[in-house]
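Everything below belongs to start-v6.tsv, which stores TSV, C-alpha atoms (C1' of nucleotides).
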```tsv
chain	number	residue	atom	x	y	z
A	416	MET	CA	-6.04	4.30	-13.28
A	417	PRO	CA	-4.54	6.16	-10.31
A	418	VAL	CA	-2.48	4.47	-7.62
A	419	ASP	CA	-4.18	4.75	-4.24
A	420	LEU	CA	-1.96	4.48	-1.19
A	421	THR	CA	-2.57	4.92	2.50
A	422	PRO	CA	-0.02	7.05	4.38
A	423	SER	CA	1.33	3.91	5.97
A	424	GLN	CA	1.70	2.21	2.61
A	425	ALA	CA	3.36	5.21	1.01
A	426	LEU	CA	6.05	5.56	3.65
A	427	GLY	CA	6.35	1.81	4.04
A	428	LEU	CA	7.05	1.46	0.33
A	429	TRP	CA	9.66	4.21	0.48
A	430	HIS	CA	11.18	2.64	3.54
A	431	GLU	CA	11.63	-0.81	2.10
A	432	VAL	CA	12.88	0.31	-1.28
A	433	THR	CA	15.29	2.83	0.20
A	434	MET	CA	16.53	0.22	2.63
A	435	GLN	CA	17.14	-2.24	-0.15
A	436	GLN	CA	18.94	0.37	-2.20
A	437	VAL	CA	21.25	1.24	0.68
A	438	HIS	CA	21.89	-2.33	1.50
A	439	ALA	CA	22.55	-3.69	-1.95
A	440	ASP	CA	23.33	-1.01	-4.49
A	441	GLY	CA	27.02	-0.44	-4.91
A	442	ARG	CA	26.51	2.60	-7.07
A	443	ASP	CA	25.25	4.92	-4.36
A	444	LEU	CA	23.66	7.56	-6.55
A	445	THR	CA	22.75	10.93	-5.12
A	446	LEU	CA	19.11	11.96	-5.02
A	447	ARG	CA	19.88	14.47	-7.74
A	448	GLN	CA	21.67	11.93	-9.86
A	449	LEU	CA	18.75	9.54	-9.63
A	450	ALA	CA	16.36	12.32	-10.57
A	451	ILE	CA	18.47	13.11	-13.63
A	452	LEU	CA	18.65	9.46	-14.61
A	453	LEU	CA	14.90	9.01	-14.32
A	454	GLU	CA	14.27	12.19	-16.29
A	455	ILE	CA	16.51	11.00	-19.11
A	456	TYR	CA	14.89	7.59	-19.35
A	457	LEU	CA	11.26	8.47	-18.74
A	458	VAL	CA	10.89	11.69	-20.70
A	459	PRO	CA	11.19	11.69	-24.50
A	460	PRO	CA	14.49	13.01	-25.88
A	461	PRO	CA	16.35	15.11	-26.72
A	462	HIS	CA	17.93	15.99	-23.38
A	463	THR	CA	20.48	18.76	-23.00
A	464	VAL	CA	22.49	19.96	-20.02
A	465	ARG	CA	20.68	23.24	-19.93
A	466	GLY	CA	17.28	21.61	-20.26
A	467	LEU	CA	17.93	19.19	-17.43
A	468	ALA	CA	19.25	21.97	-15.23
A	469	ALA	CA	16.10	23.98	-15.80
A	470	LYS	CA	13.81	21.01	-15.25
A	471	LEU	CA	15.53	20.01	-12.03
A	472	GLY	CA	15.93	23.55	-10.78
A	473	VAL	CA	19.70	23.25	-10.32
A	474	THR	CA	22.77	24.86	-11.86
A	475	LYS	CA	24.57	23.55	-14.93
A	476	PRO	CA	27.69	22.25	-13.15
A	477	VAL	CA	25.46	19.97	-11.15
A	478	ILE	CA	24.29	18.33	-14.34
A	479	THR	CA	27.78	18.19	-15.82
A	480	ARG	CA	29.17	16.54	-12.71
A	481	ALA	CA	26.31	14.09	-12.48
A	482	LEU	CA	26.76	13.14	-16.12
A	483	ASP	CA	30.50	12.69	-15.53
A	484	THR	CA	29.88	10.33	-12.64
A	485	MET	CA	27.07	8.39	-14.27
A	486	GLY	CA	28.96	8.31	-17.53
A	487	GLU	CA	31.89	6.59	-15.84
A	488	GLN	CA	29.43	4.02	-14.59
A	489	GLY	CA	28.01	3.50	-18.04
A	490	LEU	CA	24.55	4.73	-17.16
A	491	VAL	CA	24.45	7.51	-19.76
A	492	THR	CA	26.42	8.85	-22.71
A	493	ARG	CA	26.96	12.27	-24.22
A	494	MET	CA	27.24	13.29	-27.85
A	495	ARG	CA	27.68	16.67	-29.48
A	496	ASP	CA	24.70	17.84	-31.43
A	497	ASP	CA	25.71	18.04	-35.08
A	498	ARG	CA	22.93	20.46	-35.93
A	499	ASP	CA	24.02	22.92	-33.25
A	500	ARG	CA	27.48	22.08	-32.06
A	501	ARG	CA	27.07	24.09	-28.88
A	502	ASN	CA	24.62	21.54	-27.55
A	503	VAL	CA	25.34	18.19	-26.01
A	504	ILE	CA	22.74	15.48	-26.36
A	505	ILE	CA	22.48	13.05	-23.48
A	506	LYS	CA	21.81	9.49	-24.62
A	507	ARG	CA	20.58	6.39	-22.88
A	508	THR	CA	22.60	3.20	-22.57
A	509	VAL	CA	21.79	-0.45	-22.15
A	510	ASP	CA	23.30	-0.47	-18.67
A	511	GLY	CA	21.25	2.51	-17.65
A	512	ALA	CA	18.04	0.92	-18.89
A	513	LEU	CA	18.94	-2.24	-17.03
A	514	TYR	CA	19.61	-0.34	-13.85
A	515	LEU	CA	16.23	1.37	-13.91
A	516	GLU	CA	14.51	-1.83	-14.89
A	517	ARG	CA	15.86	-3.45	-11.76
A	518	LEU	CA	14.81	-0.48	-9.68
A	519	GLY	CA	11.31	-0.79	-11.11
A	520	ASP	CA	11.22	-4.49	-10.31
A	521	LEU	CA	12.32	-3.73	-6.77
A	522	ILE	CA	9.57	-1.16	-6.29
A	523	ILE	CA	6.94	-3.53	-7.67
A	524	ALA	CA	8.14	-6.39	-5.50
A	525	ARG	CA	8.09	-4.27	-2.36
A	526	GLY	CA	4.64	-3.00	-3.25
A	527	HIS	CA	3.32	-6.52	-3.14
A	528	THR	CA	4.48	-7.13	0.43
A	529	LEU	CA	2.74	-4.06	1.83
A	530	VAL	CA	-0.20	-4.13	4.18
A	531	PRO	CA	-2.41	-1.08	4.70
B	1175	MET	CA	-4.05	-5.65	0.42
B	1176	PRO	CA	-0.94	-5.46	-1.75
B	1177	VAL	CA	-0.08	-2.51	-3.93
B	1178	ASP	CA	0.01	-3.49	-7.59
B	1179	LEU	CA	2.09	-1.35	-9.90
B	1180	THR	CA	3.05	-1.62	-13.53
B	1181	PRO	CA	6.73	-1.03	-14.34
B	1182	SER	CA	5.81	2.30	-15.85
B	1183	GLN	CA	3.88	3.31	-12.77
B	1184	ALA	CA	6.62	2.24	-10.40
B	1185	LEU	CA	9.34	4.26	-12.12
B	1186	GLY	CA	6.95	7.10	-12.83
B	1187	LEU	CA	6.12	7.37	-9.18
B	1188	TRP	CA	9.79	7.37	-8.24
B	1189	HIS	CA	10.51	9.92	-10.91
B	1190	GLU	CA	7.92	12.43	-9.84
B	1191	VAL	CA	8.56	12.13	-6.13
B	1192	THR	CA	12.33	12.32	-6.56
B	1193	MET	CA	11.94	15.29	-8.83
B	1194	GLN	CA	9.76	17.08	-6.33
B	1195	GLN	CA	12.22	16.32	-3.55
B	1196	VAL	CA	15.13	17.71	-5.52
B	1197	HIS	CA	13.22	20.74	-6.58
B	1198	ALA	CA	11.66	21.72	-3.28
B	1199	ASP	CA	13.37	20.14	-0.30
B	1200	GLY	CA	16.07	22.32	1.16
B	1201	ARG	CA	17.31	19.57	3.45
B	1202	ASP	CA	18.95	17.43	0.82
B	1203	LEU	CA	19.18	14.19	2.77
B	1204	THR	CA	21.39	11.37	1.58
B	1205	LEU	CA	19.81	8.08	0.62
B	1206	ARG	CA	21.34	6.59	3.74
B	1207	GLN	CA	20.08	9.37	5.93
B	1208	LEU	CA	16.56	8.95	4.58
B	1209	ALA	CA	16.74	5.21	5.17
B	1210	ILE	CA	17.79	5.81	8.77
B	1211	LEU	CA	15.03	8.35	9.29
B	1212	LEU	CA	12.39	6.00	7.91
B	1213	GLU	CA	13.69	3.14	10.01
B	1214	ILE	CA	13.47	5.23	13.17
B	1215	TYR	CA	9.94	6.40	12.50
B	1216	LEU	CA	8.41	3.26	11.02
B	1217	VAL	CA	9.90	0.55	13.19
B	1218	PRO	CA	9.01	0.30	16.90
B	1219	PRO	CA	11.69	1.60	19.29
B	1220	PRO	CA	14.13	1.39	20.88
B	1221	HIS	CA	16.73	2.30	18.25
B	1222	THR	CA	20.44	2.24	18.95
B	1223	VAL	CA	23.43	3.19	16.83
B	1224	ARG	CA	24.62	-0.37	16.65
B	1225	GLY	CA	21.16	-1.67	15.81
B	1226	LEU	CA	20.69	0.79	12.99
B	1227	ALA	CA	24.14	0.06	11.61
B	1228	ALA	CA	23.38	-3.64	11.52
B	1229	LYS	CA	19.94	-3.15	9.97
B	1230	LEU	CA	21.26	-0.85	7.27
B	1231	GLY	CA	24.40	-2.87	6.65
B	1232	VAL	CA	26.74	0.07	7.23
B	1233	THR	CA	29.43	0.96	9.76
B	1234	LYS	CA	28.77	2.74	13.03
B	1235	PRO	CA	30.36	6.08	12.11
B	1236	VAL	CA	27.90	6.35	9.25
B	1237	ILE	CA	25.06	6.27	11.77
B	1238	THR	CA	26.77	8.71	14.13
B	1239	ARG	CA	27.38	11.18	11.34
B	1240	ALA	CA	23.86	10.88	10.00
B	1241	LEU	CA	22.44	11.44	13.46
B	1242	ASP	CA	24.68	14.47	13.88
B	1243	THR	CA	23.41	16.00	10.68
B	1244	MET	CA	19.76	15.14	11.18
B	1245	GLY	CA	20.00	16.16	14.82
B	1246	GLU	CA	21.11	19.64	13.82
B	1247	GLN	CA	18.07	19.80	11.59
B	1248	GLY	CA	15.81	18.75	14.43
B	1249	LEU	CA	14.71	15.53	12.75
B	1250	VAL	CA	15.90	13.22	15.55
B	1251	THR	CA	17.28	13.37	19.10
B	1252	ARG	CA	19.64	11.21	21.11
B	1253	MET	CA	19.52	10.26	24.79
B	1254	ARG	CA	21.75	8.06	26.88
B	1255	ASP	CA	20.11	4.86	28.04
B	1256	ASP	CA	19.88	5.00	31.83
B	1257	ARG	CA	19.59	1.25	32.19
B	1258	ASP	CA	22.79	0.65	30.22
B	1259	ARG	CA	24.74	3.84	29.97
B	1260	ARG	CA	26.82	2.59	27.10
B	1261	ASN	CA	23.82	2.74	24.81
B	1262	VAL	CA	22.32	5.75	23.11
B	1263	ILE	CA	18.62	5.73	22.39
B	1264	ILE	CA	17.53	7.56	19.26
B	1265	LYS	CA	14.25	9.41	19.71
B	1266	ARG	CA	11.73	10.87	17.32
B	1267	THR	CA	10.85	14.55	17.18
B	1268	VAL	CA	7.82	16.53	16.10
B	1269	ASP	CA	9.76	18.04	13.21
B	1270	GLY	CA	10.86	14.63	12.03
B	1271	ALA	CA	7.33	13.28	12.14
B	1272	LEU	CA	6.16	16.32	10.22
B	1273	TYR	CA	8.84	15.88	7.60
B	1274	LEU	CA	7.90	12.28	6.94
B	1275	GLU	CA	4.21	13.13	6.99
B	1276	ARG	CA	4.80	15.58	4.19
B	1277	LEU	CA	6.84	13.03	2.28
B	1278	GLY	CA	3.98	10.57	2.63
B	1279	ASP	CA	1.48	13.14	1.38
B	1280	LEU	CA	3.74	13.84	-1.59
B	1281	ILE	CA	3.96	10.17	-2.50
B	1282	ILE	CA	0.20	9.74	-2.24
B	1283	ALA	CA	-0.47	12.84	-4.30
B	1284	ARG	CA	1.90	11.69	-7.04
B	1285	GLY	CA	0.36	8.26	-7.01
B	1286	HIS	CA	-2.97	9.78	-7.93
B	1287	THR	CA	-1.67	11.44	-11.06
B	1288	LEU	CA	-0.19	8.27	-12.52
B	1289	VAL	CA	-1.45	6.49	-15.58
B	1290	PRO	CA	-0.51	2.90	-16.34
C	344	DG	C1'	39.17	-6.02	41.62
C	345	DC	C1'	40.96	-6.37	36.97
C	346	DG	C1'	41.12	-7.72	32.35
C	347	DT	C1'	37.82	-8.16	28.54
C	348	DT	C1'	34.04	-6.95	25.83
C	349	DT	C1'	30.68	-3.75	24.25
C	350	DC	C1'	29.07	0.84	23.46
C	351	DG	C1'	29.18	5.32	20.79
C	352	DT	C1'	32.26	8.74	19.33
C	353	DT	C1'	36.29	10.94	17.40
C	354	DA	C1'	40.50	11.44	14.40
C	355	DC	C1'	42.49	11.06	10.00
C	356	DG	C1'	43.17	11.15	5.14
C	357	DC	C1'	40.40	10.82	1.14
C	358	DT	C1'	36.81	11.46	-2.18
C	359	DA	C1'	32.74	13.65	-4.12
C	360	DC	C1'	29.49	17.16	-4.39
C	361	DC	C1'	28.32	22.18	-3.86
C	362	DG	C1'	27.90	27.19	-5.82
C	363	DT	C1'	30.18	31.03	-7.99
C	364	DA	C1'	32.80	32.64	-11.47
C	365	DC	C1'	35.01	32.26	-15.58
C	366	DC	C1'	36.51	30.10	-20.12
C	367	DG	C1'	36.65	28.33	-25.11
C	368	DG	C1'	33.82	27.21	-28.80
C	369	DT	C1'	29.65	27.96	-31.58
C	370	DT	C1'	25.78	30.40	-33.39
C	371	DC	C1'	23.12	34.44	-34.11
C	372	DT	C1'	22.41	39.33	-35.34
C	373	DC	C1'	23.07	43.23	-37.83
D	804	DG	C1'	32.79	40.20	-40.54
D	805	DA	C1'	32.40	42.08	-35.69
D	806	DG	C1'	30.02	41.95	-31.50
D	807	DA	C1'	26.65	39.88	-28.60
D	808	DA	C1'	24.40	35.80	-26.92
D	809	DC	C1'	24.40	31.05	-25.86
D	810	DC	C1'	26.10	26.37	-24.51
D	811	DG	C1'	28.75	23.14	-21.97
D	812	DG	C1'	32.77	22.58	-19.28
D	813	DT	C1'	36.40	23.88	-15.94
D	814	DA	C1'	38.64	26.16	-11.77
D	815	DC	C1'	38.39	27.18	-7.17
D	816	DG	C1'	37.53	27.16	-2.28
D	817	DG	C1'	34.44	25.15	0.83
D	818	DT	C1'	31.63	21.52	2.89
D	819	DA	C1'	30.05	16.86	3.91
D	820	DG	C1'	30.23	12.21	3.44
D	821	DC	C1'	33.24	7.88	3.45
D	822	DG	C1'	36.16	3.80	5.70
D	823	DT	C1'	39.70	2.54	8.88
D	824	DA	C1'	41.52	2.82	13.17
D	825	DA	C1'	41.77	4.25	17.62
D	826	DC	C1'	39.66	6.12	21.93
D	827	DG	C1'	37.10	6.78	26.62
D	828	DA	C1'	33.22	5.19	29.23
D	829	DA	C1'	30.46	1.63	30.90
D	830	DA	C1'	29.20	-3.16	31.82
D	831	DC	C1'	30.50	-7.93	32.23
D	832	DG	C1'	33.12	-12.24	33.70
D	833	DC	C1'	35.56	-14.73	36.81
```

Let's see the structure in the file written out as structure tokens.
Amino acid sequence: MPVDLTPSQALGLWHEVTMQQVHADGRDLTLRQLAILLEIYLVPPPHTVRGLAAKLGVTKPVITRALDTMGEQGLVTRMRDDRDRRNVIIKRTVDGALYLERLGDLIIARGHTLVP
Amino acid sequence: MPVDLTPSQALGLWHEVTMQQVHADGRDLTLRQLAILLEIYLVPPPHTVRGLAAKLGVTKPVITRALDTMGEQGLVTRMRDDRDRRNVIIKRTVDGALYLERLGDLIIARGHTLVP
DNA sequence: GCGTTTCGTTACGCTACCGTACCGGTTCTC
DNA sequence: GAGAACCGGTACGGTAGCGTAACGAAACGC
């Protein structure tokens, strides 16, 4: 069941959601940080720094820094992998799930107010 | 004709589009900058610095800086208002329209590949 | 005309992200 | 067990955004 949008609807949706995010969200995540967060929560684990870097097409420090920032905000957690202690496994948190749940609600709500 | 999305579709759409933006777009606009750009192109003119600041809920320097950056990239232009020379009118450009057109196409394309 | 208000911009110190390069710790290979 | 390979993190200099505060130019009020 694909989602069919007119050009006006597509940009209108982006406009309203982005506007709401700017206006209300105190977290102010970067585009890259949001991409990382969505990847962690929407794609089945496990997630590693290297894996995320490859998937996003960015360097490792970008992932490390993003995880630092989002970790301070409680959106994600890190744990060493006991089976291969070089790896770090990125884990989801309740706060992170809540944050994305609210983002989803916002998108859905804005979708309803669109006209073609 | 509202756009109905399931939670999974809403976040999935955001995920894929954000991912594509991170991976491909060399411009790397801030969330605020994107919001300003969308406001300029989707809402009827005229647009002023003060008006945009009020609409976005941010301070004036934020708008000035964003317009500086996006101006260098050719996404917007500024002109003094001849009727009230205190004002600056923000104008659209061909490059800016093209940029948003491509963003719209990307959103539509990703919408088609979604499953509920 | 002259003070006041309204514009957008600039200055300043600060914070956060960027890419490159390098590091310590762990595993693999032979 | 020694060397190479791999993983995440850190250091460093540079850049860009932030908020507060001040500024010059223009319009308004009386």

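Every protein or nucleic acid residue with an atom no more than 12 Å from DG368 in chain C, counting all atoms listed in the file and leaving out same-chain residues fewer than 4 positions away, appears here: Asp499, Arg500, Arg501 and Asn502 of chain A; DC809, DC810, DG811 and DG812 of chain D.
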
Separation of CA of Trp1188 in chain B from CA of Pro1235 in chain B, in Å and rounded to one decimal: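 Separation of CA of Trp1188 in chain B and CA of Pro1235 in chain B: 29.0 Å.
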
Test item: residues at most 9 Å from range 461-474 of chain A, only C-alpha atoms (C1' of nucleotides), excluding those fewer than 2 positions along its chain, as a list in words: Arg447, Ala450, Ile451, Glu454, Ile455, Val458, Pro459, Pro476, Val477, Ile478, Thr479, Leu482, Asn502, Val503, Ile504, Ile505 and Lys506 of chain A; Met1193, Gln1194, Val1196, His1197 and Ala1198 of chain B; DG362 of chain C; DC810 and DG811 of chain D

Local residues around (41.4, 14.8, 2.8), at most 12 Å away, using all atoms listed in the file, as a VMD selection string: (chain C and resid 355 to 359) or (chain D and resid 818 to 821)

Interface list for chain B, partner chain A, 9 Å threshold, only C-alpha atoms, as a PyMOL selection string: chain B and resi 1175-1186+1188-1198+1202-1206+1208-1213+1216+1229-1232+1274-1275+1277-1279+1281-1290

Return the padded bounding box of range 348-367 of chain C as JSON: axis-aligned, built from all atoms listed in the file, 5 Å added on each side, with centre and edge lengths in Å to one decimal.
```
{"center_x": 35.5, "center_y": 12.8, "center_z": 0.4, "size_x": 25.3, "size_y": 49.6, "size_z": 60.9}
```

Gap from CA of Arg1239 in chain B to CA of Asp1256 in chain B - Å, one decimal: 22.7 Å

Polymer residues at most 7 Å from Arg1266 in chain B, all atoms listed in the file, same-chain spacing of 3 or more positions, as a list in words: Tyr1215, Val1250, Thr1251 and Gly1270 of chain B

What are the residues of chain C lining chain B at 9 Å or less? Count all atoms listed in the file, and put the answer as an mmCIF file with C-alpha atoms (C1' of nucleotides), in the coordinates of the input.
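Output (part-v5.cif):
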```cif
data_model
loop_
_atom_site.group_PDB
_atom_site.id
_atom_site.type_symbol
_atom_site.label_atom_id
_atom_site.label_comp_id
_atom_site.auth_asym_id
_atom_site.auth_seq_id
_atom_site.Cartn_x
_atom_site.Cartn_y
_atom_site.Cartn_z
ATOM 1 C "C1'" DT C 349 30.680 -3.750 24.250
ATOM 2 C "C1'" DC C 350 29.070 0.840 23.460
ATOM 3 C "C1'" DG C 351 29.180 5.320 20.790
ATOM 4 C "C1'" DT C 352 32.260 8.740 19.330
#
```

Among the residues D:DT823, D:DG804, D:DT813, D:DC831, the one that comes closest to chain A [using all atoms listed in the file]: D:DT813

Atom pair CA of Gly1200 in chain B / CA of Asp483 in chain A: separation (Å):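 Computing the Euclidean distance for CA of Gly1200 in chain B and CA of Asp483 in chain A yields 24.1 Å.
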
Surrounding residues of DT347 in chain C excluding itself and chain neighbours under 3 positions, 12 Å, all atoms listed in the file, as a count of residues only: 4
